[in-house]
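**Student:** Below you'll find the structure I mean.
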Amino acid sequence: MFPVNPSKFASIFRLMFIAVFIVGLVASSVVPAFAQPLAAKKTSQLSYHDEWRKLWEDHITWTRVVIIGILDELPGTNTYIGRLLLNYEDMEDALAPYYGDDAEVLGDLIKDHLTIAADILTALNNGQPTDALIASWYANAHDIAVQMNKMNPKSWPLEETEQMWTDHLDATLAEATDHFTGDFADEVAAYDQVHDMALEMADFISNGVMKQFPTQFTGSLH
């Protein structure tokens, strides 16, 4: 047997332990560029489904309030617009645990969707041209669909996603125009259509997230 120096052996062992500790610390702090941020704790499918339905109920409810506020020149309109603009942040927050920075990009596009809508209403009420604003609104819907497809190409195919947003804009524009012209029965019918579409869009989004990240959700919708 070779003679063993206990002091030298202990020093070598300490160095090996420190090296392993440092490697482990570095490895745990480095996140691959392709990794997506995931929720810290799992969410039930039912609660996530209901969250998105609430978000879209907020979206169309406060849009309706803003339509009436701007076109009827109600004193609380700026407050109503402020509440509507919280909606894009809430949607962004619901997506951020799964998509990270991409959720912020989508949120900014939805913010534009809301602000352009308010600009259209203001121009309409002031007797100003709306064609260019409406064209930019539909272009924004295309951009939203492209971003969603980038985030989840399997569950949010571009053509279907863009059609849903286009239909949403068509019905919302009809709702606003009918209110402006005093066709109130048609306005009510348009809002009912907006509402049905909103619930479909809510489920389209929540189902897409849950299919893409199945291990992040518990339970079922049935």
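Letters A, B, ... go to the chains of the structure tokens in the order shown; residues in each chain start at 1; ligands are counted from 1 in the same order.
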Which residues are near A:Gln45? Cut-off 12 Å, only C-alpha atoms, ignore same chain within fewer than 2 positions. Put them as a ChimeraX atom specification.
**Tutor:** /A:42-43,47-52,203,206-211,213-222
**Student:** Give me, as a ChimeraX atom specification, all polymer residues having an atom no more than 12 Å from stretch 133-145 of chain A, counting only C-alpha atoms and skipping those fewer than 5 positions away in the same chain.
**Tutor:** /A:102-124,128,150-153,155-170,172-173,201,205
**Student:** Figure out the distance between atom CA of A:Thr61 and atom CA of A:Glu73, please, to one decimal in Å.
**Tutor:** 17.6 Å
**Student:** Using only C-alpha atoms, which of A:Thr130, A:Asn87, A:Gln212, A:Asn125 sits nearest A:Asp72?
**Tutor:** A:Asn125
**Student:** Please compute the atom CA of A:Val65-atom CA of A:Leu46 distance, one decimal, in Å.
**Tutor:** 28.4 Å
**Student:** Find the distance between atom CA of A:Ala94 and atom CA of A:Thr63 and write it in Å to one decimal.
**Tutor:**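 Going from atom CA of A:Ala94 over to atom CA of A:Thr63, I get 19.7 Å.
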**Student:** If you run DSSP on the backbone here, which positions in chain A get helix (DSSP H, G or I)? Please write them as a PyMOL selection string.
**Tutor:** chain A and resi 6-29+45-71+77-99+101-125+131-151+158-181+184-212+214-216
**Student:** Closest to A:Ile68 among A:Met148, A:Ala171, A:Met91, A:Ala176, using only C-alpha atoms?
**Tutor:**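 Among the listed residues, A:Ala176 lies closest to A:Ile68.
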**Student:** Mind checking which residues fall within 12 Å of A:Asn78, counting only C-alpha atoms, ignoring those fewer than 6 positions away in the same chain, and posting them as an mmCIF file with N, CA and C atoms, in the first residue's frame?
**Tutor:**
data_model
loop_
_atom_site.group_PDB
_atom_site.id
_atom_site.type_symbol
_atom_site.label_atom_id
_atom_site.label_comp_id
_atom_site.auth_asym_id
_atom_site.auth_seq_id
_atom_site.Cartn_x
_atom_site.Cartn_y
_atom_site.Cartn_z
ATOM 1 N N TRP A 62 -66.607 46.128 -21.101
ATOM 2 C CA TRP A 62 -66.052 47.476 -21.015
ATOM 3 C C TRP A 62 -65.907 48.121 -22.385
ATOM 4 N N VAL A 65 -69.322 49.584 -22.801
ATOM 5 C CA VAL A 65 -69.470 50.792 -21.981
ATOM 6 C C VAL A 65 -68.747 51.964 -22.631
ATOM 7 N N VAL A 66 -67.569 51.702 -23.197
ATOM 8 C CA VAL A 66 -66.811 52.768 -23.864
ATOM 9 C C VAL A 66 -67.522 53.226 -25.134
ATOM 10 N N ILE A 67 -68.091 52.296 -25.888
ATOM 11 C CA ILE A 67 -68.874 52.676 -27.070
ATOM 12 C C ILE A 67 -69.965 53.681 -26.690
ATOM 13 N N GLY A 69 -70.178 55.382 -23.886
ATOM 14 C CA GLY A 69 -69.600 56.559 -23.249
ATOM 15 C C GLY A 69 -69.110 57.593 -24.248
ATOM 16 N N ILE A 70 -68.377 57.133 -25.273
ATOM 17 C CA ILE A 70 -67.836 58.071 -26.265
ATOM 18 C C ILE A 70 -68.943 58.630 -27.151
ATOM 19 N N LEU A 84 -61.072 49.605 -19.328
ATOM 20 C CA LEU A 84 -60.937 48.736 -20.493
ATOM 21 C C LEU A 84 -59.477 48.391 -20.757
ATOM 22 N N LEU A 85 -58.600 49.357 -20.571
ATOM 23 C CA LEU A 85 -57.189 49.129 -20.863
ATOM 24 C C LEU A 85 -56.513 48.208 -19.852
ATOM 25 N N ALA A 118 -61.033 52.864 -29.584
ATOM 26 C CA ALA A 118 -61.444 54.136 -28.974
ATOM 27 C C ALA A 118 -61.243 55.296 -29.939
ATOM 28 N N THR A 122 -64.104 57.885 -31.342
ATOM 29 C CA THR A 122 -63.945 59.338 -31.195
ATOM 30 C C THR A 122 -64.074 60.035 -32.538
#
**Student:** Tell me which protein, DNA and RNA residues are within 12 Å of A:Val188, counting only C-alpha atoms, leaving out same-chain ones fewer than 6 positions away, and put them as a compact mmCIF listing (two decimals) with N, CA and C atoms, in the first residue's frame.
**Tutor:**
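Dumped to around-v9.txt:
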# COMPACT_ATOMS: atom_id res chain seq x y z
N ARG A 64 -68.22 47.77 -24.63
CA ARG A 64 -69.59 48.28 -24.82
C ARG A 64 -69.81 49.56 -24.03
N ALA A 171 -68.35 42.32 -35.80
CA ALA A 171 -69.52 42.42 -34.92
C ALA A 171 -69.43 43.64 -34.00
N THR A 172 -68.23 43.94 -33.50
CA THR A 172 -68.05 45.10 -32.63
C THR A 172 -68.29 46.40 -33.40
N ALA A 174 -70.21 46.71 -36.01
CA ALA A 174 -71.66 46.79 -36.24
C ALA A 174 -72.37 47.30 -35.00
N GLU A 175 -71.95 46.81 -33.84
CA GLU A 175 -72.52 47.27 -32.57
C GLU A 175 -72.37 48.77 -32.40
N ALA A 176 -71.17 49.29 -32.66
CA ALA A 176 -70.90 50.71 -32.50
C ALA A 176 -71.65 51.55 -33.53
N THR A 177 -71.64 51.09 -34.77
CA THR A 177 -72.32 51.84 -35.84
C THR A 177 -73.82 51.90 -35.60
N ASP A 178 -74.39 50.78 -35.17
CA ASP A 178 -75.83 50.75 -34.90
C ASP A 178 -76.20 51.67 -33.75
N HIS A 179 -75.35 51.77 -32.74
CA HIS A 179 -75.62 52.69 -31.64
C HIS A 179 -75.56 54.13 -32.15
N GLY A 182 -78.60 54.96 -34.16
CA GLY A 182 -79.86 54.80 -33.46
C GLY A 182 -80.63 53.55 -33.82
N VAL A 194 -71.44 39.48 -30.50
CA VAL A 194 -70.13 39.74 -29.89
C VAL A 194 -69.93 38.84 -28.68
N HIS A 195 -70.97 38.71 -27.88
CA HIS A 195 -70.88 37.92 -26.65
C HIS A 195 -70.63 36.45 -26.96
